[in-house]
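Each remark here refers to the structure printed beneath this line.
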Amino acid sequence: HPRIPAPRPSALPPLTATTLRKTYEANRADATAAAAMAAAHGDTDRAAADRALASRDLLAFDGRGTGRATEVLGDLPRADRIAVLVPGSDTSLDTYARFHKAAAALYADLTHRAPHGTGVAVVAWLGYETPATVSTTVTTTTRADEAAPRLRTFVRDLRAATGPHAHLSLLCHSYGSVVCGRAAPGLDADDIALVGSPGTGAGSAAALHTRARVWAARGGDDWIAHVPHTSAHLFGTTIGFGTDPVSRAFGARVFDAGDVQHSGYFTPGSASLANLARITLGETSEVTRA
């Protein structure tokens with residue numbers, strides 16, 4: 001990937017409800033500057049991606065390299081129910097439109113389902129360098145181990161900008177479920193949902209050492225079902241991700257995802273999206289089981 005020039009991220013104040021507006025303004029300015037630099041560099045696709053982000057509410061933005069961005073959909077300080085999306089492989093600023101589409105679909109579903117007076121928000125967290133689907137890094141926990149402390153810190157900081165009783169769910173897709181699994185101990189979340197997961201690096205939900213309820217689902221047409229659920233330690237690196245999260249042995253709450261393919265868990269109208277919204281809203285009795 002060519003090194004696309006972009007400004008260093010702005011120095012931001014600690015995240016709180018009162019500093020949120022300044023945070024959004026600073027990150028929009030950074031995205032606007034990054035778009036101009038990418039255009040001058042001749043990368044029209046990255047410039048377009050940066051310009052799109054410059055019009056949104058961003059808790060973080062870094063246009064350098066493959067890029068980082070954390071986008072908010074909804075009124076965060078007033079949200080009673082918050083979903084944090086953690087993406088899988090091949091997610092970067094260059095492919096961010098796909099990630100945003102998933103977050104927007106969930107937000108639309110949540111606003112439709114939420115009881116009157118219940119505020120909702122979705123946070124799309126591209127806070128780590130995701131592995132490429134066709135690479136050796138996607139078979140190891142290395143990128144997830146690097147991302148896990150960042151995710152824990154982000155969730156802790158996010159709590160400072162929300163109401164004290166906000167319910168927070170992590171919705172983790174594909175390799176993002178490995179990140180959530182590694183971050184789970186000490187993670188201040190109420191629910192963790194693993195979709196299209198190759199495994200978490202743990203042998204069971206209990207081994208995640210989290211107070212959160214752990215959910216899992218896999219679509220009927222998801223190729224991830226053919227990934228071997230093994231794990232081995234070689235030369236200080238863990239290869240493979242262990243027990244299948246939708247297996248009885250893992251012990252998660254397995255819910256219905258219909259026949260979606262690997263990239264289809266947030267498709268409007270799908271069983272998987274409906275159940276992810278129900279989990280976020282705390283409507284656990286309404287979640288349809290597999």
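Identifiers in this document derive from the order of the structure tokens: chains are assigned A, B, ..., residues are numbered from 1 separately in each chain, and ligands are numbered from 1 in order of occurrence.
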
For range 61-70 of chain A, list every protein, DNA or RNA residue within 6 Å, evaluated using only C-alpha atoms, and leave out those in the same chain fewer than 4 positions away; present the list as a list in words. Arg3, Ala6, Pro9, Asn27, Ala34, Ser92, Leu93, Ala124, Trp125, Leu126 and Gly127 of chain A

Nearest to Arg159 in chain A by atom-to-atom distance, counting only C-alpha atoms, from A:Leu76, A:Ala39, A:Ala29, A:Cys180: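 Among the listed residues, the smallest separation from Arg159 in chain A belongs to A:Leu76.
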
Find the residues near Thr267 in chain A: any atom within 8 Å, counting only C-alpha atoms, skip ones fewer than 4 places away on the same chain, and give them as a list in words.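 Returned residues: Ala102, Ala105, Ser272 and Leu273 of chain A.
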
Export of the given selection (N, CA and C atoms) as a CSV table (one decimal), in the first residue's frame:
```csv
chain,number,residue,atom,x,y,z
A,102,ALA,N,-22.6,-0.8,7.1
A,102,ALA,CA,-23.0,-1.7,8.1
A,102,ALA,C,-23.5,-1.0,9.4
A,105,ALA,N,-26.8,0.8,8.7
A,105,ALA,CA,-27.9,-0.2,8.7
A,105,ALA,C,-28.3,-0.6,10.1
A,272,SER,N,-30.0,-11.7,11.1
A,272,SER,CA,-28.8,-11.4,11.9
A,272,SER,C,-28.9,-10.0,12.4
A,273,LEU,N,-29.2,-9.0,11.5
A,273,LEU,CA,-29.3,-7.6,11.9
A,273,LEU,C,-30.4,-7.4,13.0
```

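Each of A:Pro149, A:Trp215, A:Ser197, A:Ala33 was compared to Arg278 in chain A using only C-alpha atoms, and A:Trp215 turns out to be the nearest.
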
Can you pull out the residues contacting Leu281 in chain A? Cut-off 9 Å, using only C-alpha atoms, and skip same-chain residues under 6 positions away; I want them as a ChimeraX atom specification. /A:80-82,110,113-115,118,120,167,169

Residue subset to file, keeping all heavy atoms, as a short mmCIF file (atom, residue, chain, number, x, y, z; two decimals), in the first residue's frame:
```cif
data_model
loop_
_atom_site.label_atom_id
_atom_site.label_comp_id
_atom_site.auth_asym_id
_atom_site.auth_seq_id
_atom_site.Cartn_x
_atom_site.Cartn_y
_atom_site.Cartn_z
N ASP A 80 -29.04 5.67 25.52
CA ASP A 80 -29.22 4.66 26.57
C ASP A 80 -28.64 3.32 26.14
O ASP A 80 -28.22 2.51 26.97
CB ASP A 80 -30.71 4.47 26.88
CG ASP A 80 -31.39 5.78 27.23
OD1 ASP A 80 -31.03 6.35 28.27
OD2 ASP A 80 -32.27 6.22 26.47
N ARG A 81 -28.63 3.09 24.83
CA ARG A 81 -28.16 1.83 24.26
C ARG A 81 -27.14 2.13 23.16
O ARG A 81 -27.44 2.87 22.22
CB ARG A 81 -29.33 1.05 23.67
CG ARG A 81 -30.38 0.70 24.72
CD ARG A 81 -29.97 -0.51 25.53
NE ARG A 81 -30.84 -0.75 26.67
CZ ARG A 81 -30.78 -1.84 27.41
NH1 ARG A 81 -29.89 -2.78 27.12
NH2 ARG A 81 -31.57 -2.00 28.44
N ILE A 82 -25.96 1.59 23.31
CA ILE A 82 -24.86 1.90 22.39
C ILE A 82 -24.25 0.60 21.86
O ILE A 82 -23.98 -0.32 22.63
CB ILE A 82 -23.76 2.71 23.11
CG1 ILE A 82 -24.34 4.02 23.66
CG2 ILE A 82 -22.60 3.01 22.17
CD1 ILE A 82 -23.43 4.72 24.65
N LEU A 110 -31.99 0.09 14.79
CA LEU A 110 -32.14 0.42 16.20
C LEU A 110 -33.15 1.54 16.42
O LEU A 110 -33.99 1.47 17.33
CB LEU A 110 -30.80 0.83 16.80
CG LEU A 110 -29.78 -0.28 17.05
CD1 LEU A 110 -28.43 0.31 17.42
CD2 LEU A 110 -30.27 -1.23 18.14
N ARG A 113 -36.62 0.17 16.07
CA ARG A 113 -37.06 -0.77 17.10
C ARG A 113 -37.11 -0.17 18.51
O ARG A 113 -37.83 -0.68 19.37
CB ARG A 113 -36.13 -1.98 17.13
CG ARG A 113 -36.18 -2.85 15.92
CD ARG A 113 -35.17 -4.00 16.03
NE ARG A 113 -35.12 -4.75 14.80
CZ ARG A 113 -35.96 -5.75 14.50
NH1 ARG A 113 -36.88 -6.11 15.38
NH2 ARG A 113 -35.86 -6.38 13.34
N ALA A 114 -36.31 0.83 18.76
CA ALA A 114 -36.16 1.33 20.13
C ALA A 114 -37.49 1.84 20.69
O ALA A 114 -38.23 2.55 20.01
CB ALA A 114 -35.13 2.44 20.17
N PRO A 115 -37.79 1.50 21.93
CA PRO A 115 -39.00 2.04 22.55
C PRO A 115 -38.95 3.56 22.62
O PRO A 115 -37.87 4.15 22.64
CB PRO A 115 -38.97 1.42 23.96
CG PRO A 115 -38.07 0.24 23.86
CD PRO A 115 -37.06 0.59 22.82
N THR A 118 -36.13 5.96 24.28
CA THR A 118 -34.84 5.29 24.41
C THR A 118 -33.88 5.81 23.34
O THR A 118 -34.15 5.68 22.14
CB THR A 118 -34.98 3.76 24.25
OG1 THR A 118 -35.83 3.26 25.29
CG2 THR A 118 -33.63 3.07 24.34
N VAL A 120 -30.44 5.84 21.14
CA VAL A 120 -29.51 4.82 20.63
C VAL A 120 -28.36 5.49 19.89
O VAL A 120 -28.49 6.59 19.37
CB VAL A 120 -30.21 3.81 19.70
CG1 VAL A 120 -31.29 3.04 20.46
CG2 VAL A 120 -30.82 4.51 18.48
N HIS A 167 -26.11 1.25 28.35
CA HIS A 167 -25.85 -0.17 28.09
C HIS A 167 -25.00 -0.27 26.83
O HIS A 167 -25.37 0.26 25.78
CB HIS A 167 -27.18 -0.90 27.90
CG HIS A 167 -27.05 -2.38 27.71
ND1 HIS A 167 -26.65 -2.95 26.52
CD2 HIS A 167 -27.28 -3.41 28.56
CE1 HIS A 167 -26.65 -4.26 26.66
NE2 HIS A 167 -27.02 -4.58 27.89
N SER A 169 -22.90 -2.58 24.01
CA SER A 169 -22.71 -3.88 23.37
C SER A 169 -21.59 -3.79 22.34
O SER A 169 -21.53 -2.83 21.57
CB SER A 169 -24.00 -4.33 22.68
OG SER A 169 -25.05 -4.45 23.60
#
```

Taking the DSSP secondary structure from the backbone, can you list the residues of range 147-222 of chain A that are alpha helix (DSSP H), as a PyMOL selection string? chain A and resi 147-159+175-183

Please, could you write that set of residues out with N, CA, C and O atoms as an mmCIF file, in the first residue's frame?
```cif
data_model
loop_
_atom_site.group_PDB
_atom_site.id
_atom_site.type_symbol
_atom_site.label_atom_id
_atom_site.label_comp_id
_atom_site.auth_asym_id
_atom_site.auth_seq_id
_atom_site.Cartn_x
_atom_site.Cartn_y
_atom_site.Cartn_z
ATOM 1 N N ALA A 147 -4.296 -4.905 19.105
ATOM 2 C CA ALA A 147 -5.507 -4.078 19.122
ATOM 3 C C ALA A 147 -6.241 -4.122 20.453
ATOM 4 O O ALA A 147 -6.913 -3.157 20.829
ATOM 5 N N ALA A 148 -6.127 -5.240 21.169
ATOM 6 C CA ALA A 148 -6.940 -5.444 22.377
ATOM 7 C C ALA A 148 -6.798 -4.331 23.412
ATOM 8 O O ALA A 148 -7.812 -3.806 23.900
ATOM 9 N N PRO A 149 -5.575 -3.926 23.794
ATOM 10 C CA PRO A 149 -5.490 -2.838 24.787
ATOM 11 C C PRO A 149 -6.054 -1.522 24.272
ATOM 12 O O PRO A 149 -6.596 -0.726 25.057
ATOM 13 N N ARG A 150 -5.982 -1.290 22.979
ATOM 14 C CA ARG A 150 -6.566 -0.074 22.408
ATOM 15 C C ARG A 150 -8.092 -0.105 22.524
ATOM 16 O O ARG A 150 -8.725 0.923 22.807
ATOM 17 N N LEU A 151 -8.667 -1.284 22.293
ATOM 18 C CA LEU A 151 -10.113 -1.398 22.403
ATOM 19 C C LEU A 151 -10.560 -1.226 23.852
ATOM 20 O O LEU A 151 -11.554 -0.535 24.122
ATOM 21 N N ARG A 152 -9.839 -1.807 24.793
ATOM 22 C CA ARG A 152 -10.180 -1.627 26.205
ATOM 23 C C ARG A 152 -10.124 -0.148 26.593
ATOM 24 O O ARG A 152 -11.025 0.371 27.256
ATOM 25 N N THR A 153 -9.066 0.520 26.172
ATOM 26 C CA THR A 153 -8.918 1.951 26.491
ATOM 27 C C THR A 153 -10.030 2.761 25.848
ATOM 28 O O THR A 153 -10.591 3.671 26.478
ATOM 29 N N PHE A 154 -10.351 2.436 24.603
ATOM 30 C CA PHE A 154 -11.402 3.179 23.918
ATOM 31 C C PHE A 154 -12.740 3.029 24.640
ATOM 32 O O PHE A 154 -13.460 4.014 24.853
ATOM 33 N N VAL A 155 -13.092 1.816 25.026
ATOM 34 C CA VAL A 155 -14.367 1.591 25.704
ATOM 35 C C VAL A 155 -14.398 2.331 27.038
ATOM 36 O O VAL A 155 -15.400 2.935 27.413
ATOM 37 N N ARG A 156 -13.277 2.312 27.752
ATOM 38 C CA ARG A 156 -13.198 3.046 29.019
ATOM 39 C C ARG A 156 -13.401 4.540 28.781
ATOM 40 O O ARG A 156 -14.163 5.207 29.490
ATOM 41 N N ASP A 157 -12.745 5.092 27.759
ATOM 42 C CA ASP A 157 -12.892 6.512 27.454
ATOM 43 C C ASP A 157 -14.298 6.828 26.958
ATOM 44 O O ASP A 157 -14.846 7.899 27.256
ATOM 45 N N LEU A 158 -14.879 5.904 26.200
ATOM 46 C CA LEU A 158 -16.229 6.108 25.680
ATOM 47 C C LEU A 158 -17.229 6.260 26.814
ATOM 48 O O LEU A 158 -18.153 7.082 26.747
ATOM 49 N N ARG A 159 -17.043 5.497 27.872
ATOM 50 C CA ARG A 159 -17.936 5.581 29.028
ATOM 51 C C ARG A 159 -17.959 6.994 29.624
ATOM 52 O O ARG A 159 -18.973 7.420 30.185
ATOM 53 N N TYR A 175 -12.485 -11.343 11.966
ATOM 54 C CA TYR A 175 -11.272 -11.192 12.773
ATOM 55 C C TYR A 175 -11.495 -10.219 13.934
ATOM 56 O O TYR A 175 -10.805 -10.301 14.957
ATOM 57 N N GLY A 176 -12.476 -9.338 13.811
ATOM 58 C CA GLY A 176 -12.812 -8.455 14.920
ATOM 59 C C GLY A 176 -13.235 -9.228 16.156
ATOM 60 O O GLY A 176 -13.078 -8.738 17.285
ATOM 61 N N SER A 177 -13.760 -10.440 15.980
ATOM 62 C CA SER A 177 -14.127 -11.259 17.138
ATOM 63 C C SER A 177 -12.880 -11.762 17.866
ATOM 64 O O SER A 177 -12.930 -12.012 19.077
ATOM 65 N N VAL A 178 -11.776 -11.913 17.136
ATOM 66 C CA VAL A 178 -10.509 -12.265 17.790
ATOM 67 C C VAL A 178 -10.045 -11.084 18.644
ATOM 68 O O VAL A 178 -9.592 -11.258 19.779
ATOM 69 N N VAL A 179 -10.186 -9.883 18.107
ATOM 70 C CA VAL A 179 -9.838 -8.677 18.863
ATOM 71 C C VAL A 179 -10.680 -8.590 20.135
ATOM 72 O O VAL A 179 -10.160 -8.369 21.228
ATOM 73 N N CYS A 180 -11.994 -8.792 19.998
ATOM 74 C CA CYS A 180 -12.874 -8.717 21.162
ATOM 75 C C CYS A 180 -12.544 -9.805 22.173
ATOM 76 O O CYS A 180 -12.608 -9.576 23.388
ATOM 77 N N GLY A 181 -12.198 -10.982 21.687
ATOM 78 C CA GLY A 181 -11.826 -12.062 22.586
ATOM 79 C C GLY A 181 -10.581 -11.748 23.386
ATOM 80 O O GLY A 181 -10.522 -12.002 24.600
ATOM 81 N N ARG A 182 -9.596 -11.164 22.742
ATOM 82 C CA ARG A 182 -8.358 -10.811 23.441
ATOM 83 C C ARG A 182 -8.564 -9.631 24.387
ATOM 84 O O ARG A 182 -7.884 -9.519 25.402
ATOM 85 N N ALA A 183 -9.511 -8.754 24.050
ATOM 86 C CA ALA A 183 -9.767 -7.571 24.880
ATOM 87 C C ALA A 183 -10.734 -7.850 26.017
ATOM 88 O O ALA A 183 -10.852 -7.051 26.943
#
```

Using Å and a single decimal, report how far CA of Arg289 in chain A sits from CA of Gly203 in chain A. 21.6 Å

List as a PyMOL selection string the protein and nucleic acid residues near Asp190 in chain A, meaning an atom at most 10 Å away when only C-alpha atoms are counted, but skip any in the same chain fewer than 4 places from it. chain A and resi 166-170+210-214+279-280+282

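Between Pro77 in chain A and the candidates A:Val195, A:Ala257, A:Pro164, A:Ile4, the tightest atom-to-atom separation, counting only C-alpha atoms, involves A:Pro164.
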
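Picture a line from CA of Arg46 in chain A to CA of Thr91 in chain A; it runs 13.3 Å.
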
Please provide the set of residues having any atom within 10 Å of Arg253 in chain A, restricted to only C-alpha atoms, with same-chain residues fewer than 4 positions apart removed, written as JSON, numbers by chain. {"A": [193, 194, 205, 213, 214, 215, 216, 217, 245, 246, 247, 248, 287, 289, 290]}

Selection to disk with all heavy atoms, as a short mmCIF file (atom, residue, chain, number, x, y, z; two decimals), in the first residue's frame:
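Writing done, so here's result_34.cif:
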```
data_model
loop_
_atom_site.label_atom_id
_atom_site.label_comp_id
_atom_site.auth_asym_id
_atom_site.auth_seq_id
_atom_site.Cartn_x
_atom_site.Cartn_y
_atom_site.Cartn_z
N ALA A 193 -21.11 -9.74 21.11
CA ALA A 193 -21.69 -10.60 20.09
C ALA A 193 -20.64 -10.89 19.03
O ALA A 193 -20.05 -9.96 18.46
CB ALA A 193 -22.92 -9.96 19.47
N LEU A 194 -20.40 -12.16 18.76
CA LEU A 194 -19.40 -12.61 17.80
C LEU A 194 -20.13 -13.13 16.57
O LEU A 194 -20.90 -14.09 16.66
CB LEU A 194 -18.55 -13.72 18.41
CG LEU A 194 -18.05 -13.50 19.85
CD1 LEU A 194 -17.45 -14.78 20.41
CD2 LEU A 194 -17.02 -12.36 19.87
N ALA A 205 -16.50 -19.52 26.33
CA ALA A 205 -16.94 -18.19 26.71
C ALA A 205 -16.46 -17.85 28.11
O ALA A 205 -16.08 -16.71 28.39
CB ALA A 205 -18.46 -18.11 26.63
N ARG A 213 -22.44 -10.66 28.75
CA ARG A 213 -23.06 -11.81 28.13
C ARG A 213 -22.41 -12.03 26.78
O ARG A 213 -22.18 -11.07 26.03
CB ARG A 213 -24.57 -11.57 27.95
CG ARG A 213 -25.36 -11.62 29.23
CD ARG A 213 -26.80 -11.22 29.03
NE ARG A 213 -26.92 -9.80 28.65
CZ ARG A 213 -28.03 -9.09 28.77
NH1 ARG A 213 -29.13 -9.65 29.26
NH2 ARG A 213 -28.06 -7.82 28.41
N VAL A 214 -22.10 -13.27 26.45
CA VAL A 214 -21.40 -13.59 25.21
C VAL A 214 -22.37 -14.29 24.26
O VAL A 214 -22.97 -15.32 24.61
CB VAL A 214 -20.17 -14.48 25.46
CG1 VAL A 214 -19.47 -14.80 24.14
CG2 VAL A 214 -19.20 -13.78 26.42
N TRP A 215 -22.50 -13.73 23.07
CA TRP A 215 -23.39 -14.25 22.03
C TRP A 215 -22.55 -14.66 20.82
O TRP A 215 -21.44 -14.14 20.62
CB TRP A 215 -24.39 -13.18 21.59
CG TRP A 215 -25.21 -12.56 22.67
CD1 TRP A 215 -24.82 -11.60 23.57
CD2 TRP A 215 -26.57 -12.86 22.99
NE1 TRP A 215 -25.86 -11.28 24.41
CE2 TRP A 215 -26.95 -12.04 24.08
CE3 TRP A 215 -27.52 -13.74 22.44
CZ2 TRP A 215 -28.22 -12.06 24.63
CZ3 TRP A 215 -28.80 -13.76 22.99
CH2 TRP A 215 -29.14 -12.93 24.07
N ALA A 216 -23.10 -15.54 19.99
CA ALA A 216 -22.39 -15.94 18.77
C ALA A 216 -23.39 -16.36 17.70
O ALA A 216 -24.47 -16.88 18.02
CB ALA A 216 -21.42 -17.08 19.05
N ALA A 217 -23.05 -16.11 16.45
CA ALA A 217 -23.90 -16.52 15.33
C ALA A 217 -23.05 -16.71 14.08
O ALA A 217 -21.99 -16.07 13.92
CB ALA A 217 -24.99 -15.49 15.06
N PRO A 245 -16.98 -20.62 18.15
CA PRO A 245 -17.88 -19.89 19.05
C PRO A 245 -19.35 -20.29 18.98
O PRO A 245 -20.09 -20.03 19.93
CB PRO A 245 -17.69 -18.43 18.63
CG PRO A 245 -16.33 -18.38 18.05
CD PRO A 245 -16.20 -19.69 17.32
N VAL A 246 -19.79 -20.92 17.89
CA VAL A 246 -21.19 -21.35 17.83
C VAL A 246 -21.36 -22.80 18.27
O VAL A 246 -22.48 -23.32 18.24
CB VAL A 246 -21.79 -21.16 16.41
CG1 VAL A 246 -21.74 -19.70 16.00
CG2 VAL A 246 -21.10 -22.03 15.38
N SER A 247 -20.29 -23.44 18.71
CA SER A 247 -20.39 -24.82 19.18
C SER A 247 -20.90 -24.86 20.61
O SER A 247 -20.75 -23.91 21.38
CB SER A 247 -19.03 -25.51 19.10
OG SER A 247 -18.13 -24.95 20.06
N ARG A 248 -21.51 -25.99 20.97
CA ARG A 248 -22.00 -26.15 22.34
C ARG A 248 -20.84 -26.10 23.33
O ARG A 248 -20.99 -25.60 24.45
CB ARG A 248 -22.75 -27.48 22.46
CG ARG A 248 -23.31 -27.75 23.84
CD ARG A 248 -24.22 -28.95 23.86
NE ARG A 248 -25.42 -28.72 23.06
CZ ARG A 248 -26.41 -29.61 22.96
NH1 ARG A 248 -26.35 -30.77 23.58
NH2 ARG A 248 -27.47 -29.33 22.22
N VAL A 287 -34.59 -12.31 21.13
CA VAL A 287 -33.55 -12.82 20.24
C VAL A 287 -33.91 -14.24 19.82
O VAL A 287 -34.13 -15.11 20.68
CB VAL A 287 -32.17 -12.80 20.93
CG1 VAL A 287 -31.11 -13.43 20.02
CG2 VAL A 287 -31.78 -11.37 21.29
N ARG A 289 -33.15 -17.86 18.61
CA ARG A 289 -32.00 -18.76 18.75
C ARG A 289 -31.83 -19.63 17.54
O ARG A 289 -32.80 -19.98 16.86
CB ARG A 289 -32.15 -19.61 20.02
CG ARG A 289 -32.28 -18.78 21.31
CD ARG A 289 -31.07 -17.86 21.52
NE ARG A 289 -31.18 -17.07 22.73
CZ ARG A 289 -30.68 -17.45 23.90
NH1 ARG A 289 -30.02 -18.60 24.00
NH2 ARG A 289 -30.80 -16.69 24.96
N ALA A 290 -30.61 -20.05 17.31
CA ALA A 290 -30.31 -20.92 16.17
C ALA A 290 -30.77 -22.34 16.51
O ALA A 290 -30.77 -22.75 17.67
CB ALA A 290 -28.82 -20.91 15.88
#
```

Which distance in Å separates CA of Asp50 in chain A and CA of Ala35 in chain A, to one decimal? 4.9 Å

Residues of range 19-183 of chain A in strand (DSSP E), written as JSON, numbers by chain: {"A": [57, 58, 59, 60, 61, 62, 68, 69, 70, 71, 72, 73, 74, 81, 82, 83, 84, 85, 86, 120, 121, 122, 123, 124, 125, 126, 167, 168, 169, 170, 171, 172, 173]}

Output N, CA and C atoms for every residue in the selection just made, as a CSV table (one decimal), in the first residue's frame.
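Produced file selection.csv, reproduced below:
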```
chain,number,residue,atom,x,y,z
A,57,ASP,N,-19.4,12.7,12.3
A,57,ASP,CA,-19.0,12.8,13.7
A,57,ASP,C,-18.0,11.8,14.0
A,58,LEU,N,-16.7,12.2,14.2
A,58,LEU,CA,-15.6,11.3,14.4
A,58,LEU,C,-15.0,11.5,15.8
A,59,LEU,N,-14.8,10.4,16.5
A,59,LEU,CA,-14.1,10.5,17.8
A,59,LEU,C,-12.6,10.4,17.6
A,60,ALA,N,-12.2,9.8,16.4
A,60,ALA,CA,-10.8,9.7,16.1
A,60,ALA,C,-10.6,9.7,14.6
A,61,PHE,N,-9.5,10.2,14.1
A,61,PHE,CA,-9.2,10.1,12.7
A,61,PHE,C,-7.7,10.2,12.5
A,62,ASP,N,-7.2,9.3,11.7
A,62,ASP,CA,-5.8,9.3,11.3
A,62,ASP,C,-5.7,8.8,9.8
A,68,ARG,N,-7.1,5.1,10.3
A,68,ARG,CA,-7.9,4.8,11.5
A,68,ARG,C,-9.1,5.8,11.5
A,69,ALA,N,-10.2,5.4,12.0
A,69,ALA,CA,-11.3,6.3,12.1
A,69,ALA,C,-12.3,5.7,13.1
A,70,THR,N,-12.9,6.5,13.9
A,70,THR,CA,-14.0,6.1,14.8
A,70,THR,C,-15.1,7.0,14.7
A,71,GLU,N,-16.2,6.5,14.1
A,71,GLU,CA,-17.4,7.3,13.7
A,71,GLU,C,-18.5,7.0,14.7
A,72,VAL,N,-19.3,8.1,15.0
A,72,VAL,CA,-20.5,8.0,15.8
A,72,VAL,C,-21.7,8.3,15.0
A,73,LEU,N,-22.7,7.4,15.1
A,73,LEU,CA,-24.0,7.7,14.5
A,73,LEU,C,-25.0,7.8,15.7
A,74,GLY,N,-25.6,9.0,15.8
A,74,GLY,CA,-26.5,9.2,16.9
A,74,GLY,C,-26.0,10.2,18.0
A,81,ARG,N,-28.6,3.1,24.8
A,81,ARG,CA,-28.2,1.8,24.3
A,81,ARG,C,-27.1,2.1,23.2
A,82,ILE,N,-26.0,1.6,23.3
A,82,ILE,CA,-24.9,1.9,22.4
A,82,ILE,C,-24.3,0.6,21.9
A,83,ALA,N,-24.1,0.5,20.6
A,83,ALA,CA,-23.4,-0.6,19.9
A,83,ALA,C,-22.0,-0.1,19.4
A,84,VAL,N,-21.0,-0.9,19.7
A,84,VAL,CA,-19.7,-0.6,19.1
A,84,VAL,C,-19.3,-1.7,18.2
A,85,LEU,N,-19.1,-1.3,16.9
A,85,LEU,CA,-18.8,-2.3,15.9
A,85,LEU,C,-17.3,-2.5,15.7
A,86,VAL,N,-16.8,-3.7,15.8
A,86,VAL,CA,-15.4,-4.0,15.6
A,86,VAL,C,-15.2,-4.8,14.4
A,120,VAL,N,-30.4,5.8,21.1
A,120,VAL,CA,-29.5,4.8,20.6
A,120,VAL,C,-28.4,5.5,19.9
A,121,ALA,N,-27.2,4.8,19.9
A,121,ALA,CA,-26.1,5.3,19.1
A,121,ALA,C,-25.3,4.1,18.6
A,122,VAL,N,-24.6,4.2,17.5
A,122,VAL,CA,-23.7,3.2,17.0
A,122,VAL,C,-22.3,3.8,16.8
A,123,VAL,N,-21.3,3.1,17.2
A,123,VAL,CA,-19.9,3.6,17.1
A,123,VAL,C,-19.2,2.6,16.2
A,124,ALA,N,-18.7,3.1,15.1
A,124,ALA,CA,-17.9,2.2,14.2
A,124,ALA,C,-16.4,2.4,14.5
A,125,TRP,N,-15.8,1.4,15.1
A,125,TRP,CA,-14.4,1.6,15.6
A,125,TRP,C,-13.4,0.9,14.7
A,126,LEU,N,-12.8,1.7,13.8
A,126,LEU,CA,-11.7,1.2,13.1
A,126,LEU,C,-10.5,1.7,13.8
A,167,HIS,N,-26.1,1.2,28.3
A,167,HIS,CA,-25.9,-0.2,28.1
A,167,HIS,C,-25.0,-0.3,26.8
A,168,LEU,N,-23.8,-0.9,26.9
A,168,LEU,CA,-22.9,-1.0,25.8
A,168,LEU,C,-22.7,-2.4,25.3
A,169,SER,N,-22.9,-2.6,24.0
A,169,SER,CA,-22.7,-3.9,23.4
A,169,SER,C,-21.6,-3.8,22.3
A,170,LEU,N,-20.7,-4.8,22.3
A,170,LEU,CA,-19.7,-4.9,21.3
A,170,LEU,C,-20.1,-5.9,20.3
A,171,LEU,N,-20.2,-5.5,19.0
A,171,LEU,CA,-20.6,-6.4,17.9
A,171,LEU,C,-19.4,-6.6,17.1
A,172,CYS,N,-18.9,-7.8,17.1
A,172,CYS,CA,-17.5,-8.1,16.6
A,172,CYS,C,-17.6,-9.1,15.4
A,173,HIS,N,-17.1,-8.6,14.2
A,173,HIS,CA,-17.3,-9.4,13.0
A,173,HIS,C,-16.0,-10.0,12.6
```

Tell me, as a PyMOL selection string, which residues lie within 7 Å of range 221-235 of chain A, counting only C-alpha atoms; anything in the same chain fewer than 4 positions away does not count. chain A and resi 196+198-199+239-244+259-262

May I ask which of the residues A:Gly186, A:Gly117, A:Gly251, A:Gly88 is the closest one to Val138 in chain A, counting only C-alpha atoms?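 Between A:Gly186, A:Gly117, A:Gly251, A:Gly88, the residue approaching Val138 in chain A most closely is A:Gly88.
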